[in-house]
Each structure stands twice: as C-alpha cells, then as structure tokens.
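Just input.txt here, compact mmCIF, C-alpha atoms:
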```
# COMPACT_ATOMS: atom_id res chain seq x y z
CA MET Q 1 7.90 34.12 -46.51
CA ALA Q 2 4.79 32.69 -48.13
CA SER Q 3 1.57 34.59 -47.59
CA SER Q 4 -0.76 31.85 -48.85
CA HIS Q 5 -2.60 29.81 -46.25
CA VAL Q 6 -2.82 26.74 -48.50
CA GLY Q 7 -2.22 23.77 -46.21
CA LEU Q 8 -2.75 25.81 -43.04
CA ARG Q 9 -6.53 25.44 -42.99
CA ALA Q 10 -6.49 21.98 -41.41
CA PRO Q 11 -4.63 20.22 -38.60
CA LEU Q 12 -1.18 18.88 -39.46
CA THR Q 13 -0.17 15.40 -38.38
CA PHE Q 14 3.32 13.96 -38.58
CA THR Q 15 5.11 10.66 -38.88
CA PRO Q 16 6.28 9.77 -35.34
CA LEU Q 17 10.03 9.84 -34.76
CA LEU Q 18 10.88 6.78 -32.65
CA LYS Q 19 13.80 6.52 -30.23
CA ASP Q 20 15.03 3.17 -28.92
CA TYR Q 21 16.99 4.37 -25.90
CA LEU Q 22 18.02 1.62 -23.48
CA TRP Q 23 15.33 2.43 -20.90
CA GLY Q 24 12.33 1.94 -23.24
CA GLY Q 25 9.73 -0.83 -23.48
CA ASP Q 26 6.58 -1.88 -25.35
CA ARG Q 27 3.87 -0.04 -23.45
CA LEU Q 28 3.18 2.59 -26.11
CA VAL Q 29 1.78 -0.38 -28.02
CA ARG Q 30 0.26 -2.38 -25.14
CA LEU Q 31 -1.33 0.51 -23.24
CA LEU Q 32 -1.95 3.14 -25.91
CA GLY Q 33 -2.60 0.92 -28.90
CA ARG Q 34 0.03 2.60 -31.04
CA ASN Q 35 1.01 0.82 -34.26
CA LEU Q 36 4.78 0.67 -33.81
CA PRO Q 37 7.59 -1.65 -34.90
CA ASP Q 38 8.55 -4.59 -32.72
CA GLY Q 39 11.14 -3.97 -30.03
CA ALA Q 40 11.61 -1.51 -27.22
CA ILE Q 41 10.54 2.08 -27.92
CA ALA Q 42 11.58 4.70 -25.39
CA GLU Q 43 10.18 7.84 -27.03
CA SER Q 44 7.84 8.81 -29.83
CA TRP Q 45 8.53 12.38 -30.90
CA GLU Q 46 5.12 13.60 -32.06
CA ILE Q 47 5.83 17.22 -33.00
CA SER Q 48 9.45 18.31 -33.37
CA GLY Q 49 11.32 21.02 -35.20
CA TYR Q 50 14.59 20.11 -33.47
CA PRO Q 51 17.55 20.13 -35.89
CA GLY Q 52 18.29 16.68 -37.23
CA THR Q 53 15.12 15.24 -35.72
CA ALA Q 54 12.37 17.18 -37.43
CA SER Q 55 8.80 15.99 -37.89
CA VAL Q 56 7.54 15.37 -41.44
CA VAL Q 57 3.88 15.89 -42.39
CA ASP Q 58 2.22 12.53 -43.12
CA GLY Q 59 -0.80 13.61 -45.19
CA GLY Q 60 -2.70 16.41 -46.91
CA PRO Q 61 -1.40 19.11 -49.26
CA LEU Q 62 1.78 19.58 -47.21
CA LYS Q 63 2.65 15.87 -47.05
CA GLY Q 64 6.41 15.32 -47.04
CA ARG Q 65 7.27 18.79 -45.74
CA ASP Q 66 9.27 19.05 -42.54
CA LEU Q 67 8.35 21.37 -39.69
CA PRO Q 68 11.39 23.71 -39.90
CA GLY Q 69 10.62 24.22 -43.60
CA LEU Q 70 7.03 25.10 -42.77
CA VAL Q 71 8.20 27.62 -40.17
CA ALA Q 72 10.49 29.18 -42.79
CA ASP Q 73 7.71 29.37 -45.40
CA TYR Q 74 4.69 30.31 -43.28
CA GLY Q 75 6.22 32.02 -40.25
CA VAL Q 76 3.73 33.54 -37.85
CA ASP Q 77 0.83 32.23 -39.94
CA LEU Q 78 1.84 28.81 -38.62
CA VAL Q 79 3.35 29.59 -35.23
CA GLY Q 80 1.40 32.70 -34.25
CA ARG Q 81 2.29 36.21 -33.25
CA ARG Q 82 3.34 35.05 -29.78
CA GLY Q 83 5.99 32.90 -31.46
CA ARG Q 84 7.49 35.61 -33.67
CA TRP Q 85 10.77 35.30 -31.75
CA ALA Q 86 10.96 31.61 -32.74
CA VAL Q 87 10.28 32.39 -36.41
CA GLU Q 88 13.08 34.96 -36.33
CA ARG Q 89 15.39 32.24 -35.01
CA GLY Q 90 14.18 29.73 -37.60
CA MET Q 91 12.81 27.28 -35.06
CA PHE Q 92 9.56 25.74 -33.87
CA PRO Q 93 9.26 26.63 -30.17
CA LEU Q 94 7.96 23.38 -28.62
CA LEU Q 95 8.68 19.67 -28.76
CA ILE Q 96 6.02 17.10 -27.82
CA LYS Q 97 6.78 13.45 -27.19
CA LEU Q 98 5.54 10.26 -25.53
CA LEU Q 99 7.86 8.38 -23.17
CA ASP Q 100 7.80 4.79 -21.94
CA ALA Q 101 10.09 4.52 -18.90
CA SER Q 102 10.19 0.77 -18.50
CA HIS Q 103 13.51 1.38 -16.75
CA ALA Q 104 14.71 4.49 -14.93
CA LEU Q 105 16.08 7.41 -16.90
CA SER Q 106 19.26 9.08 -15.74
CA VAL Q 107 19.30 11.68 -12.97
CA GLN Q 108 19.75 14.90 -14.91
CA VAL Q 109 19.22 18.64 -15.24
CA HIS Q 110 18.71 21.01 -18.16
CA PRO Q 111 20.10 24.53 -18.70
CA ASP Q 112 17.99 27.67 -18.93
CA ASP Q 113 17.92 29.97 -21.95
CA GLU Q 114 20.76 32.19 -20.72
CA TYR Q 115 23.16 29.33 -20.02
CA ALA Q 116 22.27 27.55 -23.26
CA ALA Q 117 22.91 30.69 -25.30
CA ALA Q 118 26.29 31.23 -23.62
CA HIS Q 119 27.55 27.64 -23.87
CA HIS Q 120 25.62 26.19 -26.81
CA PRO Q 121 25.18 29.04 -29.31
CA GLY Q 122 21.90 28.97 -31.18
CA GLU Q 123 20.17 26.73 -28.63
CA VAL Q 124 17.48 27.49 -26.07
CA GLY Q 125 17.12 26.05 -22.60
CA LYS Q 126 14.81 23.26 -21.61
CA THR Q 127 11.86 23.67 -19.31
CA GLU Q 128 9.46 20.74 -19.62
CA MET Q 129 6.26 19.30 -18.20
CA TRP Q 130 5.09 15.70 -17.79
CA TYR Q 131 1.53 14.47 -17.87
CA ILE Q 132 1.36 10.98 -16.37
CA LEU Q 133 -0.61 8.51 -18.50
CA HIS Q 134 0.31 5.31 -16.65
CA ALA Q 135 2.10 4.61 -13.40
CA GLU Q 136 2.63 1.22 -11.85
CA ALA Q 137 1.87 0.82 -8.15
CA GLY Q 138 4.52 2.67 -6.15
CA ALA Q 139 5.93 4.50 -9.20
CA ARG Q 140 7.95 7.58 -8.37
CA ILE Q 141 9.83 10.40 -10.02
CA ILE Q 142 12.84 12.39 -8.88
CA HIS Q 143 11.75 16.01 -8.66
CA GLY Q 144 14.31 18.33 -7.11
CA LEU Q 145 16.76 17.90 -4.25
CA SER Q 146 16.25 17.16 -0.58
CA PRO Q 147 15.99 20.22 1.68
CA GLY Q 148 19.33 21.77 2.62
CA ILE Q 149 21.35 20.35 -0.28
CA ASP Q 150 23.67 22.98 -1.76
CA ARG Q 151 26.35 22.85 -4.43
CA ALA Q 152 29.11 21.69 -2.10
CA ALA Q 153 26.92 19.05 -0.46
CA LEU Q 154 25.83 17.67 -3.82
CA ARG Q 155 29.37 17.47 -5.20
CA ARG Q 156 30.52 15.74 -2.02
CA ALA Q 157 27.65 13.26 -2.13
CA VAL Q 158 28.37 12.37 -5.76
CA SER Q 159 32.08 11.82 -5.02
CA GLU Q 160 31.19 9.58 -2.07
CA GLY Q 161 28.52 7.61 -3.94
CA ARG Q 162 25.67 9.04 -1.81
CA LEU Q 163 23.71 10.90 -4.46
CA GLN Q 164 20.59 8.88 -3.58
CA ASP Q 165 20.49 10.64 -0.21
CA CYS Q 166 20.11 14.02 -1.93
CA LEU Q 167 17.16 13.32 -4.22
CA ASN Q 168 13.53 14.23 -3.61
CA ARG Q 169 11.29 11.34 -4.70
CA VAL Q 170 7.61 11.93 -5.39
CA ALA Q 171 4.90 9.30 -5.93
CA VAL Q 172 2.85 9.81 -9.10
CA ARG Q 173 -0.34 8.34 -10.53
CA PRO Q 174 -2.22 8.71 -13.84
CA GLY Q 175 -3.53 12.24 -14.36
CA ASP Q 176 -0.74 13.93 -12.37
CA SER Q 177 1.08 16.88 -13.92
CA VAL Q 178 4.69 17.77 -13.21
CA LEU Q 179 6.38 21.04 -14.19
CA VAL Q 180 10.16 20.72 -14.46
CA PRO Q 181 11.71 24.18 -14.83
CA ALA Q 182 15.21 24.42 -16.25
CA GLY Q 183 17.67 23.97 -13.40
CA THR Q 184 15.57 21.33 -11.60
CA VAL Q 185 17.29 18.01 -10.87
CA HIS Q 186 14.93 15.29 -12.07
CA GLY Q 187 14.53 11.72 -13.22
CA ILE Q 188 11.69 9.58 -14.50
CA LEU Q 189 11.88 6.26 -12.69
CA SER Q 190 10.62 2.89 -13.91
CA GLY Q 191 6.99 1.97 -14.50
CA ILE Q 192 5.78 5.28 -15.99
CA VAL Q 193 4.34 6.31 -19.36
CA LEU Q 194 3.86 10.03 -19.95
CA VAL Q 195 3.44 12.90 -22.37
CA GLU Q 196 6.22 15.48 -22.34
CA VAL Q 197 5.79 19.05 -23.56
CA GLN Q 198 9.04 21.01 -23.59
CA GLN Q 199 11.08 23.76 -25.13
CA SER Q 200 12.72 22.71 -28.39
CA SER Q 201 15.98 21.49 -26.88
CA ASP Q 202 17.71 18.17 -26.34
CA ARG Q 203 20.46 19.52 -24.09
CA THR Q 204 20.82 17.31 -21.01
CA TYR Q 205 23.45 17.18 -18.26
CA ARG Q 206 23.56 13.76 -16.62
CA ILE Q 207 24.48 13.52 -12.95
CA HIS Q 208 23.98 9.78 -12.44
CA ASP Q 209 23.10 6.90 -14.77
CA TRP Q 210 22.67 3.91 -12.44
CA ASP Q 211 26.09 2.49 -13.48
CA ARG Q 212 24.68 1.45 -16.87
CA VAL Q 213 26.53 1.13 -20.13
CA GLY Q 214 25.37 2.31 -23.53
CA PRO Q 215 24.97 0.25 -26.72
CA ASP Q 216 28.75 0.45 -27.26
CA GLY Q 217 29.41 -1.21 -23.89
CA ALA Q 218 30.88 1.95 -22.36
CA PRO Q 219 29.29 4.03 -19.59
CA ARG Q 220 27.33 6.97 -20.92
CA PRO Q 221 29.10 10.27 -20.17
CA LEU Q 222 28.21 12.30 -17.09
CA HIS Q 223 28.30 16.11 -16.94
CA LEU Q 224 28.63 16.99 -13.25
CA ASP Q 225 30.42 20.32 -13.64
CA ARG Q 226 27.88 21.61 -16.15
CA ALA Q 227 25.05 20.31 -13.97
CA LEU Q 228 26.38 22.10 -10.91
CA ASP Q 229 26.54 25.31 -12.93
CA VAL Q 230 22.83 25.22 -13.84
CA ILE Q 231 21.08 23.60 -10.85
CA ASP Q 232 18.69 25.91 -9.02
CA PHE Q 233 19.45 24.92 -5.43
CA LYS Q 234 16.67 27.18 -4.11
CA SER Q 235 13.92 25.49 -6.11
CA VAL Q 236 11.27 23.54 -4.18
CA PRO Q 237 9.23 21.87 -6.95
CA ALA Q 238 5.84 20.26 -6.40
CA LEU Q 239 3.20 18.53 -8.49
CA VAL Q 240 0.90 20.92 -10.36
CA GLU Q 241 -2.54 21.45 -8.85
CA PRO Q 242 -4.89 21.73 -11.87
CA ARG Q 243 -6.58 25.13 -12.18
CA LEU Q 244 -10.05 25.44 -13.70
CA ALA Q 245 -9.86 27.73 -16.74
CA ALA Q 246 -13.42 27.43 -18.04
CA ALA Q 247 -16.36 25.06 -18.27
CA GLY Q 248 -19.38 24.87 -20.53
CA GLY Q 249 -22.00 22.53 -21.89
CA GLY Q 250 -20.39 19.15 -21.35
CA TRP Q 251 -16.76 20.30 -21.38
CA ARG Q 252 -14.16 21.46 -18.87
CA ARG Q 253 -10.73 23.10 -19.33
CA GLU Q 254 -8.05 22.87 -16.64
CA VAL Q 255 -4.55 24.37 -16.76
CA VAL Q 256 -2.10 21.61 -15.79
CA ALA Q 257 1.16 23.46 -16.55
CA GLU Q 258 1.97 27.10 -17.09
CA CYS Q 259 5.29 28.90 -17.51
CA ASP Q 260 6.94 31.52 -19.73
CA ASP Q 261 7.41 28.95 -22.51
CA PHE Q 262 4.08 27.12 -22.78
CA VAL Q 263 0.63 26.52 -21.35
CA VAL Q 264 -0.80 23.00 -21.21
CA GLU Q 265 -4.48 22.34 -20.56
CA ARG Q 266 -6.41 19.17 -19.89
CA VAL Q 267 -9.71 19.31 -21.74
CA GLY Q 268 -12.51 16.93 -20.79
CA VAL Q 269 -15.48 16.60 -23.14
CA GLU Q 270 -18.49 14.44 -22.35
CA ALA Q 271 -19.90 12.00 -24.91
CA GLY Q 272 -22.03 13.89 -27.43
CA ALA Q 273 -20.70 17.31 -26.43
CA VAL Q 274 -18.65 19.70 -28.57
CA PHE Q 275 -15.81 21.98 -27.49
CA GLU Q 276 -15.32 25.00 -29.78
CA ALA Q 277 -12.46 27.49 -30.13
CA ASP Q 278 -10.93 29.85 -32.69
CA LEU Q 279 -7.32 30.19 -33.82
CA ASP Q 280 -7.05 33.86 -34.70
CA GLY Q 281 -3.32 34.16 -35.35
CA GLU Q 282 -2.05 34.56 -31.77
CA THR Q 283 -0.64 31.05 -31.28
CA PHE Q 284 -0.68 27.56 -32.74
CA GLU Q 285 -2.18 24.78 -30.64
CA ALA Q 286 -1.10 21.15 -30.31
CA TRP Q 287 -3.85 18.66 -29.44
CA GLY Q 288 -3.68 15.03 -28.41
CA VAL Q 289 -6.60 12.82 -27.33
CA LEU Q 290 -5.47 10.67 -24.41
CA SER Q 291 -8.64 8.62 -23.95
CA GLY Q 292 -11.97 8.27 -25.71
CA SER Q 293 -13.04 8.88 -29.30
CA ALA Q 294 -13.25 12.34 -30.85
CA SER Q 295 -13.21 14.16 -34.18
CA LEU Q 296 -11.67 17.54 -34.93
CA LEU Q 297 -13.70 19.74 -37.26
CA THR Q 298 -12.59 22.94 -38.99
CA ALA Q 299 -14.34 25.52 -41.14
CA HIS Q 300 -12.32 24.43 -44.18
CA ASP Q 301 -12.02 20.66 -43.91
CA ARG Q 302 -13.86 17.48 -43.14
CA ALA Q 303 -13.83 16.03 -39.65
CA MET Q 304 -10.54 14.36 -38.73
CA HIS Q 305 -10.63 11.42 -36.35
CA MET Q 306 -8.20 12.03 -33.48
CA GLU Q 307 -6.24 8.82 -32.98
CA VAL Q 308 -5.49 8.19 -29.29
CA ALA Q 309 -2.03 9.38 -28.22
CA ARG Q 310 -1.25 11.01 -31.59
CA PHE Q 311 -0.75 14.76 -31.52
CA ALA Q 312 -1.91 17.19 -34.20
CA LEU Q 313 -0.59 20.70 -34.83
CA LEU Q 314 -3.29 23.32 -35.42
CA PRO Q 315 -1.83 26.32 -37.31
CA ALA Q 316 -2.30 29.72 -35.72
CA THR Q 317 -4.39 31.05 -38.62
CA MET Q 318 -6.58 27.95 -39.01
CA GLY Q 319 -9.65 29.76 -37.70
CA PRO Q 320 -12.58 28.20 -35.83
CA PHE Q 321 -12.51 24.53 -34.91
CA ALA Q 322 -14.42 22.09 -32.77
CA LEU Q 323 -13.66 18.88 -30.91
CA ARG Q 324 -16.68 16.56 -31.06
CA ALA Q 325 -16.68 13.72 -28.53
CA ALA Q 326 -18.22 10.38 -29.53
CA THR Q 327 -17.42 9.02 -26.05
CA ASP Q 328 -16.11 10.72 -22.93
CA VAL Q 329 -12.79 12.27 -23.96
CA VAL Q 330 -9.71 13.56 -22.18
CA ALA Q 331 -7.29 15.58 -24.31
CA LEU Q 332 -4.19 17.73 -23.83
CA ARG Q 333 -3.95 21.13 -25.46
CA ALA Q 334 -0.61 23.01 -25.59
CA TYR Q 335 0.01 26.56 -26.82
CA LEU Q 336 2.24 29.61 -26.33
CA PRO Q 337 1.44 31.95 -23.42
```

Have the structure of the file written as structure tokens, please.
Amino acid sequence: MASSHVGLRAPLTFTPLLKDYLWGGDRLVRLLGRNLPDGAIAESWEISGYPGTASVVDGGPLKGRDLPGLVADYGVDLVGRRGRWAVERGMFPLLIKLLDASHALSVQVHPDDEYAAAHHPGEVGKTEMWYILHAEAGARIIHGLSPGIDRAALRRAVSEGRLQDCLNRVAVRPGDSVLVPAGTVHGILSGIVLVEVQQSSDRTYRIHDWDRVGPDGAPRPLHLDRALDVIDFKSVPALVEPRLAAAGGGWRREVVAECDDFVVERVGVEAGAVFEADLDGETFEAWGVLSGSASLLTAHDRAMHMEVARFALLPATMGPFALRAATDVVALRAYLP
C-alpha cells in the first residue's frame, strides 16, 4: 500500500456515471444545470467504488485512476481509520448519486449486511438516505408498510393484486431527508429529484413494478420471496427531523441522516462567510453544493469552484480545508460515523 500522499492533498472529482433507466427524465439538466447528453437520465453516480461501475478521477495528478484502485493504493490514507474494514475488503464504503424520478421507481426492499453476506458473498447490505432537491406539488414516496401488515398479509395482498393497500405513502418537499434502513419497503414516486447516499451495494429486491416492461419488452423480474425474507415488519419509518450539530459565524451544520454506515449533514453558509474543518485521518468526507456559489480551499492547493450538484471526495488525510461562500450556500457533507 502506497505511503505517499501525492494526489491526496486536494479534493477528488470524478466523471459522472450516467444511467438511463426507464423511469428517468431531463430534470438533472433543467433544474440543476448539469451538462449531460440528450435523452432521459435516471441516475448520475457521482462517487462510486461499486464493482463494474467505478468512478474515474477527471482531473489532477490522479486523473484516469478509478476509485477501487485508489483504495487499494492509499487505503486508510484515503478512506480513513473508521473505514479500515472497507479497505480490508477492497471496497469504498459509500455510493453517492443523483436521481431524477420522472416516473415512479419500483416498490422494493434491500437486504442488510448479514443477509447480503449469506446470500451474495462479498457484498454488503444497503441502507440509504434521500435528500429531496425537488418535489412537484403532491409528490409522495413509499416509506414502509401500513400498520398491522405482517408477512402473511403482505404475501396475500400481492397475490390478490392489493399491494397498494399495504403501502405507507408520505408527502415530501424540497429539503426533506429520508432515512431508509435495510429491510424497509420503499419507493420513489414520480415528480422527485434527490440526492442518495447509501452503502456500496446495488442489491435490490423488487416487490412491484407497476406492470411495466423493460427495454427488451419483457416485465422486469420480481423477487417476492427474497423481499419477504428481509423486510423488517416492525419498522415504523418517519422523515428525519434535522438536528443542529453546530453553528458559527455565518454557518450552520445540521445532521439530516445518521446510522451505523454514514452521517449526512446539511451545511448552510451565508454569503461572504467561511466554514472551516480539518481532515485528520479519521474519515473521508464527500461534499456537494446544492445551491449557491462556493469555493473549496485546502492548505496544499488553489481554491476549487464547487459546481452545483457535483460531489467531491475529500481524502481522509487531506488536512485543513475551508468552504468559502460567494452567495448563500446549502451543501451536503457525508462521512463515516
């Protein structure tokens, strides 16, 4: 494992990995100003070490390197001491993406770490969080099951075509945060654009797909038996109530998701103010400016303009840094707990 910090003294940015799933649209361009190819885009994977879909550095001394290779070479210098377990498994622990749900996603559930390890060797489970960037009037998500629904009731409802009666729908608006622990039945319905921070997994068990067909003209497969194995029927999920973490001269940090796998903060910085922090080797941080204009400054590099809705990976050993706001800024900050 390389001991040199060359390339780890500045934020890393990556070429977005674009997914054209059938439920996507054009709002990453229209609403966020992203420079993307024509056509429907469902997801933009911003930071990913997932096998076969790994992010590649788009500039600087490490340009052209993929994220799994950087984990292999730099280890905890990149990921941080809290992520040593991930380095030992040869993986980057989180995956960050943007989603445009112009049409509803499937009703689905993800396994936890234990089930994933038993049934998909080498994989982890998938707990995720959503930060809502845009929601049309009346937009809703599916977040858990209706009270009193157990395994037998859910199987019966699916067989009788009554799944809709079992789903808990929740209205959302911009700025809402949703934690979706593994085992939670969920679905992103139409009219929503969001940021997703999740464990590095793409393992999904579909329960219902709105009778759609895939690009090949055939219905996409469902996975009811697997889903029933992993659903937490006792879970009563709710939207996250932001918790104030700290505030200072013109800035404010709020925790908008917290679990064993990640912490996500919303950081607001007023125009002209500067938010400062120090990466001392404990954990990497991933930053994305959601609105406003800001620059990221480090002790070793020039200021880097933070393009709206593009996420940067700050290595764990990068040292002190500052976010300078030219206008009022709202950013997301994700790291390991």

Figure out the distance between atom CA of Arg324 of chain Q and atom CA of Ala271 of chain Q, please, to one decimal in Å.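 For atom CA of Ala271 of chain Q relative to atom CA of Arg324 of chain Q, the distance reads 8.3 Å.
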
Calculated over all atoms listed in the file, which of the candidates Q:Val71, Q:Ala303, Q:Val87, Q:Ala42 has the smallest distance to Ser190 of chain Q?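 Smallest separation from Ser190 of chain Q among the options: Q:Ala42.
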
Quick one: of Q:Leu290, Q:Gly80, Q:Thr298, Q:Leu12, who's nearest to Pro61 of chain Q, counting all atoms listed in the file?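 Nearest to Pro61 of chain Q: Q:Leu12.
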
Around all listed atoms of segment 194-198 of chain Q, padded 5 Å per side, what centre and edge lengths does the axis-aligned box have in Å to one decimal, as JSON?
```
{"center_x": 6.2, "center_y": 15.5, "center_z": -21.8, "size_x": 15.6, "size_y": 21.0, "size_z": 13.6}
```

May I have the residues within 8 Å of Arg151 of chain Q as a PyMOL selection string, using only C-alpha atoms and disregarding those fewer than 4 positions away in the same chain? chain Q and resi 155+228+233

Just to confirm, what's the straight-line distance from atom CA of Val256 of chain Q to atom CA of Ala135 of chain Q in Å (one decimal)?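 Between atom CA of Val256 of chain Q and atom CA of Ala135 of chain Q the gap works out to 17.7 Å.
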
Using only C-alpha atoms, find the one residue out of Q:Tyr131, Q:Pro93, Q:Cys166, Q:Gly183 that sits nearest to Pro242 of chain Q.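 Residue with the minimum atom-to-atom distance to Pro242 of chain Q: Q:Tyr131.
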